Amino acid sequence: MNEVRIDKWMWAVRIFKSRTIAVEACKKNRVMIGGVNVKASRMIKVGDVIQVRKPPITFSFKVLALTERRMGAKLVPDYMENVTTPDQYEILEMNRISGFVDRARGLGRPTKKDRRELEQFTDPGMAGDGFDFEFDFGSEGDDE
């Protein structure tokens, strides 16, 4: 086996969960060899360096061996080498850190503070005394 389709290889070495997703990535111009976008039917050979853009970063993989059969994760290093530059991983780490800080209000789970405010608003028993005034209906002995 001298050549293999790029979509089959990317699926086999677990870059993508399914071959359909690998084909879609090729159609969306997210897979490149030597800076040139490739089709899913492109044949690859040992030594090729494949760039896969998974926003926000671009991963780079060097083909060490060819296969069309999906394998266990432990066998993947025999077939490919991750040659992604460290600056790409820095971008990924920055996005991961900033994701928590810049969470738009209203997205995701409510914070503990949000939950407490909501409970205070909806449950009158939690609001404290209830009313700040007393009703004085008068008693029968007070006719003055």
# chains A, B, ... in the order shown; residues from 1 in each chain; ligands from 1
>>> residues_around(residues="Met71 (chain A)", least_positions_apart="5", cutoff="8 Å", atoms="only C-alpha atoms", output="list in words")
Ala12, Val13, Arg14 and Val76 of chain A
>>> write_last_selection(atoms="N, CA and C atoms", output="JSON list (two decimals), in the first residue's frame")
[["chain", "number", "residue", "atom", "x", "y", "z"],
["A", 12, "ALA", "N", -8.95, 6.89, 10.31],
["A", 12, "ALA", "CA", -8.27, 5.72, 10.89],
["A", 12, "ALA", "C", -7.36, 6.10, 12.05],
["A", 13, "VAL", "N", -6.68, 7.26, 11.94],
["A", 13, "VAL", "CA", -5.76, 7.67, 13.02],
["A", 13, "VAL", "C", -6.44, 8.60, 14.03],
["A", 14, "ARG", "N", -7.76, 8.63, 13.99],
["A", 14, "ARG", "CA", -8.58, 9.29, 15.01],
["A", 14, "ARG", "C", -8.46, 10.81, 15.05],
["A", 76, "VAL", "N", -1.90, 4.83, 17.48],
["A", 76, "VAL", "CA", -1.84, 6.02, 16.64],
["A", 76, "VAL", "C", -0.42, 6.58, 16.48]]
>>> residues_around(residues="Gln88 (chain A)", least_positions_apart="3", cutoff="8 Å", atoms="only C-alpha atoms", output="ChimeraX atom specification")
/A:57-59,84-85,91-92
>>> residues_around(residues="Lys39 (chain A)", least_positions_apart="2", cutoff="7 Å", atoms="only C-alpha atoms", output="PyMOL selection string")
chain A and resi 26-27+41-42
>>> write_last_selection(atoms="all heavy atoms", output="PDB file, in the first residue's frame")
ATOM      1  N   CYS A  26     -12.758  18.435   4.589  1.00  0.00           N
ATOM      2  CA  CYS A  26     -12.100  18.667   3.294  1.00  0.00           C
ATOM      3  C   CYS A  26     -12.935  19.601   2.420  1.00  0.00           C
ATOM      4  O   CYS A  26     -12.401  20.504   1.777  1.00  0.00           O
ATOM      5  CB  CYS A  26     -11.858  17.341   2.574  1.00  0.00           C
ATOM      6  SG  CYS A  26     -10.628  16.295   3.369  1.00  0.00           S
ATOM      7  N   LYS A  27     -14.248  19.410   2.410  1.00  0.00           N
ATOM      8  CA  LYS A  27     -15.129  20.258   1.611  1.00  0.00           C
ATOM      9  C   LYS A  27     -15.117  21.700   2.090  1.00  0.00           C
ATOM     10  O   LYS A  27     -15.267  22.627   1.296  1.00  0.00           O
ATOM     11  CB  LYS A  27     -16.568  19.732   1.657  1.00  0.00           C
ATOM     12  CG  LYS A  27     -16.795  18.510   0.807  1.00  0.00           C
ATOM     13  CD  LYS A  27     -18.240  18.079   0.872  1.00  0.00           C
ATOM     14  CE  LYS A  27     -18.472  16.818   0.068  1.00  0.00           C
ATOM     15  NZ  LYS A  27     -19.849  16.321   0.206  1.00  0.00           N
ATOM     16  N   SER A  41     -10.693  12.900  -1.667  1.00  0.00           N
ATOM     17  CA  SER A  41     -10.170  11.792  -2.475  1.00  0.00           C
ATOM     18  C   SER A  41      -8.667  11.878  -2.701  1.00  0.00           C
ATOM     19  O   SER A  41      -8.085  10.983  -3.320  1.00  0.00           O
ATOM     20  CB  SER A  41     -10.890  11.749  -3.816  1.00  0.00           C
ATOM     21  OG  SER A  41     -10.670  12.966  -4.513  1.00  0.00           O
ATOM     22  N   ARG A  42      -8.022  12.924  -2.212  1.00  0.00           N
ATOM     23  CA  ARG A  42      -6.581  13.103  -2.395  1.00  0.00           C
ATOM     24  C   ARG A  42      -5.821  11.937  -1.778  1.00  0.00           C
ATOM     25  O   ARG A  42      -6.071  11.546  -0.648  1.00  0.00           O
ATOM     26  CB  ARG A  42      -6.144  14.421  -1.751  1.00  0.00           C
ATOM     27  CG  ARG A  42      -4.667  14.622  -1.557  1.00  0.00           C
ATOM     28  CD  ARG A  42      -3.956  14.946  -2.882  1.00  0.00           C
ATOM     29  NE  ARG A  42      -2.521  14.920  -2.706  1.00  0.00           N
ATOM     30  CZ  ARG A  42      -1.775  15.986  -2.442  1.00  0.00           C
ATOM     31  NH1 ARG A  42      -2.331  17.175  -2.349  1.00  0.00           N
ATOM     32  NH2 ARG A  42      -0.476  15.865  -2.289  1.00  0.00           N
TER      33      ARG A  42
END
>>> select_by_dssp(residues="chain A", states="strand (DSSP E)", output="list of chain:residue names")
A:Val4, A:Arg5, A:Val31, A:Met32, A:Ile33, A:Val36, A:Asn37, A:Met43, A:Ile44, A:Val49, A:Ile50, A:Gln51, A:Val52, A:Arg53, A:Lys54, A:Ile57, A:Thr58, A:Phe59, A:Ser60, A:Phe61, A:Lys62, A:Val63, A:Met80, A:Glu81, A:Asn82
>>> write_last_selection(atoms="N, CA and C atoms", output="PDB file, in the first residue's frame")
ATOM      1  N   VAL A   4      -3.019   6.218   0.238  1.00  0.00           N
ATOM      2  CA  VAL A   4      -4.328   6.044   0.882  1.00  0.00           C
ATOM      3  C   VAL A   4      -5.085   7.357   0.752  1.00  0.00           C
ATOM      4  N   ARG A   5      -6.398   7.269   0.650  1.00  0.00           N
ATOM      5  CA  ARG A   5      -7.218   8.485   0.628  1.00  0.00           C
ATOM      6  C   ARG A   5      -7.058   9.229   1.946  1.00  0.00           C
ATOM      7  N   VAL A  31      -8.613  21.198   5.489  1.00  0.00           N
ATOM      8  CA  VAL A  31      -7.511  20.233   5.410  1.00  0.00           C
ATOM      9  C   VAL A  31      -6.578  20.669   4.289  1.00  0.00           C
ATOM     10  N   MET A  32      -5.270  20.763   4.613  1.00  0.00           N
ATOM     11  CA  MET A  32      -4.289  21.230   3.630  1.00  0.00           C
ATOM     12  C   MET A  32      -3.047  20.346   3.650  1.00  0.00           C
ATOM     13  N   ILE A  33      -2.414  20.269   2.502  1.00  0.00           N
ATOM     14  CA  ILE A  33      -1.095  19.649   2.394  1.00  0.00           C
ATOM     15  C   ILE A  33      -0.216  20.679   1.700  1.00  0.00           C
ATOM     16  N   VAL A  36      -1.961  23.926   0.532  1.00  0.00           N
ATOM     17  CA  VAL A  36      -2.963  23.834  -0.535  1.00  0.00           C
ATOM     18  C   VAL A  36      -4.144  22.999  -0.029  1.00  0.00           C
ATOM     19  N   ASN A  37      -5.343  23.542  -0.171  1.00  0.00           N
ATOM     20  CA  ASN A  37      -6.539  22.801   0.232  1.00  0.00           C
ATOM     21  C   ASN A  37      -6.677  21.538  -0.605  1.00  0.00           C
ATOM     22  N   MET A  43      -4.886  11.390  -2.539  1.00  0.00           N
ATOM     23  CA  MET A  43      -4.073  10.280  -2.053  1.00  0.00           C
ATOM     24  C   MET A  43      -2.854  10.842  -1.330  1.00  0.00           C
ATOM     25  N   ILE A  44      -2.545  10.277  -0.166  1.00  0.00           N
ATOM     26  CA  ILE A  44      -1.381  10.720   0.601  1.00  0.00           C
ATOM     27  C   ILE A  44      -0.359   9.594   0.672  1.00  0.00           C
ATOM     28  N   VAL A  49       2.980  16.091   5.239  1.00  0.00           N
ATOM     29  CA  VAL A  49       2.564  16.822   6.442  1.00  0.00           C
ATOM     30  C   VAL A  49       1.182  17.412   6.170  1.00  0.00           C
ATOM     31  N   ILE A  50       0.236  17.032   6.987  1.00  0.00           N
ATOM     32  CA  ILE A  50      -1.160  17.435   6.797  1.00  0.00           C
ATOM     33  C   ILE A  50      -1.509  18.475   7.849  1.00  0.00           C
ATOM     34  N   GLN A  51      -2.083  19.601   7.411  1.00  0.00           N
ATOM     35  CA  GLN A  51      -2.573  20.624   8.337  1.00  0.00           C
ATOM     36  C   GLN A  51      -4.088  20.523   8.404  1.00  0.00           C
ATOM     37  N   VAL A  52      -4.599  20.435   9.622  1.00  0.00           N
ATOM     38  CA  VAL A  52      -6.041  20.354   9.846  1.00  0.00           C
ATOM     39  C   VAL A  52      -6.439  21.544  10.696  1.00  0.00           C
ATOM     40  N   ARG A  53      -7.302  22.394  10.138  1.00  0.00           N
ATOM     41  CA  ARG A  53      -7.745  23.591  10.865  1.00  0.00           C
ATOM     42  C   ARG A  53      -9.006  23.258  11.645  1.00  0.00           C
ATOM     43  N   LYS A  54      -8.847  23.227  12.966  1.00  0.00           N
ATOM     44  CA  LYS A  54      -9.994  23.078  13.861  1.00  0.00           C
ATOM     45  C   LYS A  54      -9.997  24.355  14.679  1.00  0.00           C
ATOM     46  N   ILE A  57      -7.318  26.849  16.133  1.00  0.00           N
ATOM     47  CA  ILE A  57      -5.922  26.571  15.774  1.00  0.00           C
ATOM     48  C   ILE A  57      -5.816  25.604  14.607  1.00  0.00           C
ATOM     49  N   THR A  58      -4.594  25.483  14.068  1.00  0.00           N
ATOM     50  CA  THR A  58      -4.309  24.557  12.982  1.00  0.00           C
ATOM     51  C   THR A  58      -3.345  23.492  13.487  1.00  0.00           C
ATOM     52  N   PHE A  59      -3.791  22.244  13.455  1.00  0.00           N
ATOM     53  CA  PHE A  59      -2.947  21.120  13.856  1.00  0.00           C
ATOM     54  C   PHE A  59      -2.140  20.648  12.652  1.00  0.00           C
ATOM     55  N   SER A  60      -0.930  20.157  12.890  1.00  0.00           N
ATOM     56  CA  SER A  60      -0.096  19.612  11.822  1.00  0.00           C
ATOM     57  C   SER A  60       0.302  18.191  12.199  1.00  0.00           C
ATOM     58  N   PHE A  61       0.156  17.274  11.233  1.00  0.00           N
ATOM     59  CA  PHE A  61       0.480  15.873  11.471  1.00  0.00           C
ATOM     60  C   PHE A  61       1.371  15.360  10.347  1.00  0.00           C
ATOM     61  N   LYS A  62       2.422  14.639  10.716  1.00  0.00           N
ATOM     62  CA  LYS A  62       3.310  14.025   9.733  1.00  0.00           C
ATOM     63  C   LYS A  62       2.920  12.561   9.590  1.00  0.00           C
ATOM     64  N   VAL A  63       2.748  12.105   8.353  1.00  0.00           N
ATOM     65  CA  VAL A  63       2.350  10.732   8.078  1.00  0.00           C
ATOM     66  C   VAL A  63       3.577   9.826   8.224  1.00  0.00           C
ATOM     67  N   MET A  80       1.314   8.329  12.881  1.00  0.00           N
ATOM     68  CA  MET A  80       1.426   9.769  12.664  1.00  0.00           C
ATOM     69  C   MET A  80       2.207  10.416  13.801  1.00  0.00           C
ATOM     70  N   GLU A  81       2.793  11.566  13.483  1.00  0.00           N
ATOM     71  CA  GLU A  81       3.513  12.356  14.478  1.00  0.00           C
ATOM     72  C   GLU A  81       2.886  13.739  14.503  1.00  0.00           C
ATOM     73  N   ASN A  82       2.564  14.207  15.700  1.00  0.00           N
ATOM     74  CA  ASN A  82       1.979  15.536  15.846  1.00  0.00           C
ATOM     75  C   ASN A  82       3.112  16.559  15.797  1.00  0.00           C
TER      76      ASN A  82
END
>>> closest_residue(among="A:Ile6, A:Leu107, A:Ile21, A:Ile15", to="Pro77 (chain A)", atoms="only C-alpha atoms")
A:Ile15
>>> closest_residue(among="A:Glu24, A:Glu68, A:Glu117, A:Asp48", to="Lys8 (chain A)", atoms="only C-alpha atoms")
A:Glu68
>>> select_by_dssp(residues="chain A", states="helix (DSSP H, G or I)", output="PyMOL selection string")
chain A and resi 6-12+19-27+73-78+86-101+112-122+124-127
>>> atom_distance(atom1="CA of Gly47 (chain A)", atom2="CA of Gly35 (chain A)")
15.2 Å
>>> atom_distance(atom1="CA of Ala65 (chain A)", atom2="CA of Trp11 (chain A)")
13.9 Å
>>> atom_distance(atom1="CA of Pro56 (chain A)", atom2="CA of Ser98 (chain A)")
12.9 Å
>>> residues_around(residues="Leu66 (chain A)", least_positions_apart="5", cutoff="9 Å", atoms="only C-alpha atoms", output="list in words")
Met1, Asn2, Glu3, Val4, Trp9, Ile44, Lys45, Val46, Tyr79 and Met80 of chain A
>>> closest_residue(among="A:Gly108, A:Glu119, A:Val23, A:Lys113", to="Val38 (chain A)", atoms="only C-alpha atoms")
A:Val23
>>> decode(residues="chain A", atoms="C-alpha atoms", output="mmCIF file, in the first residue's frame")
data_model
loop_
_atom_site.group_PDB
_atom_site.id
_atom_site.type_symbol
_atom_site.label_atom_id
_atom_site.label_comp_id
_atom_site.auth_asym_id
_atom_site.auth_seq_id
_atom_site.Cartn_x
_atom_site.Cartn_y
_atom_site.Cartn_z
ATOM 1 C CA MET A 1 0.000 0.000 0.000
ATOM 2 C CA ASN A 2 1.771 3.130 -1.258
ATOM 3 C CA GLU A 3 -1.103 5.607 -1.106
ATOM 4 C CA VAL A 4 -4.328 6.044 0.882
ATOM 5 C CA ARG A 5 -7.218 8.485 0.628
ATOM 6 C CA ILE A 6 -6.742 11.361 3.059
ATOM 7 C CA ASP A 7 -10.270 11.091 4.508
ATOM 8 C CA LYS A 8 -9.811 7.388 5.297
ATOM 9 C CA TRP A 9 -6.410 7.977 6.894
ATOM 10 C CA MET A 10 -7.611 10.886 9.075
ATOM 11 C CA TRP A 11 -10.520 8.752 10.288
ATOM 12 C CA ALA A 12 -8.273 5.722 10.885
ATOM 13 C CA VAL A 13 -5.759 7.672 13.018
ATOM 14 C CA ARG A 14 -8.582 9.293 15.012
ATOM 15 C CA ILE A 15 -8.203 12.905 13.879
ATOM 16 C CA PHE A 16 -11.949 12.826 13.177
ATOM 17 C CA LYS A 17 -14.647 10.710 14.838
ATOM 18 C CA SER A 18 -16.197 9.631 11.560
ATOM 19 C CA ARG A 19 -15.232 9.497 7.926
ATOM 20 C CA THR A 20 -18.200 11.721 7.094
ATOM 21 C CA ILE A 21 -16.799 14.460 9.333
ATOM 22 C CA ALA A 22 -13.393 14.057 7.654
ATOM 23 C CA VAL A 23 -14.993 14.514 4.209
ATOM 24 C CA GLU A 24 -16.894 17.591 5.443
ATOM 25 C CA ALA A 25 -13.654 19.120 6.743
ATOM 26 C CA CYS A 26 -12.100 18.667 3.294
ATOM 27 C CA LYS A 27 -15.129 20.258 1.611
ATOM 28 C CA LYS A 28 -14.915 23.248 3.972
ATOM 29 C CA ASN A 29 -11.221 23.750 3.054
ATOM 30 C CA ARG A 30 -10.006 22.879 6.550
ATOM 31 C CA VAL A 31 -7.511 20.233 5.410
ATOM 32 C CA MET A 32 -4.289 21.230 3.630
ATOM 33 C CA ILE A 33 -1.095 19.649 2.394
ATOM 34 C CA GLY A 34 1.723 22.125 1.816
ATOM 35 C CA GLY A 35 -0.635 25.065 2.238
ATOM 36 C CA VAL A 36 -2.963 23.834 -0.535
ATOM 37 C CA ASN A 37 -6.539 22.801 0.232
ATOM 38 C CA VAL A 38 -7.209 19.177 -0.672
ATOM 39 C CA LYS A 39 -10.233 17.090 -1.584
ATOM 40 C CA ALA A 40 -11.272 14.021 0.409
ATOM 41 C CA SER A 41 -10.170 11.792 -2.475
ATOM 42 C CA ARG A 42 -6.581 13.103 -2.395
ATOM 43 C CA MET A 43 -4.073 10.280 -2.053
ATOM 44 C CA ILE A 44 -1.381 10.720 0.601
ATOM 45 C CA LYS A 45 1.935 8.955 1.090
ATOM 46 C CA VAL A 46 4.445 8.499 3.899
ATOM 47 C CA GLY A 47 6.236 11.744 4.751
ATOM 48 C CA ASP A 48 3.375 14.114 3.884
ATOM 49 C CA VAL A 49 2.564 16.822 6.442
ATOM 50 C CA ILE A 50 -1.160 17.435 6.797
ATOM 51 C CA GLN A 51 -2.573 20.624 8.337
ATOM 52 C CA VAL A 52 -6.041 20.354 9.846
ATOM 53 C CA ARG A 53 -7.745 23.591 10.865
ATOM 54 C CA LYS A 54 -9.994 23.078 13.861
ATOM 55 C CA PRO A 55 -10.766 26.648 14.916
ATOM 56 C CA PRO A 56 -9.152 28.431 16.630
ATOM 57 C CA ILE A 57 -5.922 26.571 15.774
ATOM 58 C CA THR A 58 -4.309 24.557 12.982
ATOM 59 C CA PHE A 59 -2.947 21.120 13.856
ATOM 60 C CA SER A 60 -0.096 19.612 11.822
ATOM 61 C CA PHE A 61 0.480 15.873 11.471
ATOM 62 C CA LYS A 62 3.310 14.025 9.733
ATOM 63 C CA VAL A 63 2.350 10.732 8.078
ATOM 64 C CA LEU A 64 4.623 7.933 9.362
ATOM 65 C CA ALA A 65 2.666 4.952 7.989
ATOM 66 C CA LEU A 66 -0.476 4.345 5.947
ATOM 67 C CA THR A 67 -3.656 2.576 7.000
ATOM 68 C CA GLU A 68 -7.320 2.417 6.057
ATOM 69 C CA ARG A 69 -8.413 0.579 9.194
ATOM 70 C CA ARG A 70 -9.391 2.403 12.361
ATOM 71 C CA MET A 71 -7.162 1.565 15.308
ATOM 72 C CA GLY A 72 -6.952 1.908 19.059
ATOM 73 C CA ALA A 73 -5.616 5.184 20.430
ATOM 74 C CA LYS A 74 -2.433 3.470 21.679
ATOM 75 C CA LEU A 75 -1.399 2.531 18.127
ATOM 76 C CA VAL A 76 -1.835 6.022 16.637
ATOM 77 C CA PRO A 77 1.764 7.220 17.367
ATOM 78 C CA ASP A 78 3.051 4.474 15.016
ATOM 79 C CA TYR A 79 1.125 6.020 12.110
ATOM 80 C CA MET A 80 1.426 9.769 12.664
ATOM 81 C CA GLU A 81 3.513 12.356 14.478
ATOM 82 C CA ASN A 82 1.979 15.536 15.846
ATOM 83 C CA VAL A 83 4.196 18.375 14.582
ATOM 84 C CA THR A 84 1.893 21.214 15.635
ATOM 85 C CA THR A 85 3.906 24.292 16.621
ATOM 86 C CA PRO A 86 3.870 25.378 20.301
ATOM 87 C CA ASP A 87 2.427 28.811 19.432
ATOM 88 C CA GLN A 88 -0.761 27.072 18.229
ATOM 89 C CA TYR A 89 -1.138 25.407 21.607
ATOM 90 C CA GLU A 90 -0.632 28.800 23.275
ATOM 91 C CA ILE A 91 -3.578 30.145 21.262
ATOM 92 C CA LEU A 92 -5.662 27.175 22.408
ATOM 93 C CA GLU A 93 -4.683 27.722 26.052
ATOM 94 C CA MET A 94 -5.467 31.458 25.843
ATOM 95 C CA ASN A 95 -8.924 30.665 24.436
ATOM 96 C CA ARG A 96 -9.515 28.144 27.206
ATOM 97 C CA ILE A 97 -8.590 30.673 29.895
ATOM 98 C CA SER A 98 -10.488 33.586 28.379
ATOM 99 C CA GLY A 99 -13.566 31.421 27.828
ATOM 100 C CA PHE A 100 -14.392 31.492 31.528
ATOM 101 C CA VAL A 101 -13.749 35.209 31.995
ATOM 102 C CA ASP A 102 -15.697 36.436 28.972
ATOM 103 C CA ARG A 103 -18.776 34.254 29.442
ATOM 104 C CA ALA A 104 -21.695 36.278 28.173
ATOM 105 C CA ARG A 105 -24.368 36.835 30.794
ATOM 106 C CA GLY A 106 -27.276 34.486 30.280
ATOM 107 C CA LEU A 107 -25.228 31.743 28.629
ATOM 108 C CA GLY A 108 -24.526 28.462 30.350
ATOM 109 C CA ARG A 109 -25.456 27.594 33.901
ATOM 110 C CA PRO A 110 -26.452 30.332 36.310
ATOM 111 C CA THR A 111 -23.859 31.259 38.892
ATOM 112 C CA LYS A 112 -24.449 30.641 42.582
ATOM 113 C CA LYS A 113 -25.249 34.339 42.986
ATOM 114 C CA ASP A 114 -27.757 34.170 40.108
ATOM 115 C CA ARG A 115 -29.415 31.138 41.684
ATOM 116 C CA ARG A 116 -29.727 32.792 45.097
ATOM 117 C CA GLU A 117 -31.234 35.940 43.576
ATOM 118 C CA LEU A 118 -33.717 33.841 41.635
ATOM 119 C CA GLU A 119 -34.726 31.854 44.721
ATOM 120 C CA GLN A 120 -35.147 35.052 46.748
ATOM 121 C CA PHE A 121 -37.353 36.499 44.015
ATOM 122 C CA THR A 122 -39.572 33.442 43.542
ATOM 123 C CA ASP A 123 -39.878 32.142 47.138
ATOM 124 C CA PRO A 124 -41.492 34.669 49.501
ATOM 125 C CA GLY A 125 -40.476 32.596 52.547
ATOM 126 C CA MET A 126 -36.822 33.234 51.737
ATOM 127 C CA ALA A 127 -37.306 37.005 51.483
ATOM 128 C CA GLY A 128 -37.259 37.543 55.245
ATOM 129 C CA ASP A 129 -40.192 38.886 57.312
ATOM 130 C CA GLY A 130 -42.479 39.333 54.366
ATOM 131 C CA PHE A 131 -44.325 42.603 54.968
ATOM 132 C CA ASP A 132 -42.783 45.541 56.822
ATOM 133 C CA PHE A 133 -46.124 46.740 58.294
ATOM 134 C CA GLU A 134 -48.811 45.233 60.462
ATOM 135 C CA PHE A 135 -52.524 45.196 59.888
ATOM 136 C CA ASP A 136 -54.573 46.878 62.620
ATOM 137 C CA PHE A 137 -58.136 45.723 62.295
ATOM 138 C CA GLY A 138 -58.965 46.793 65.798
ATOM 139 C CA SER A 139 -60.435 44.603 68.468
ATOM 140 C CA GLU A 140 -64.010 44.526 69.790
ATOM 141 C CA GLY A 141 -62.994 46.103 73.100
ATOM 142 C CA ASP A 142 -61.592 49.237 71.375
ATOM 143 C CA ASP A 143 -64.607 51.424 70.566
ATOM 144 C CA GLU A 144 -63.068 54.706 71.627
#
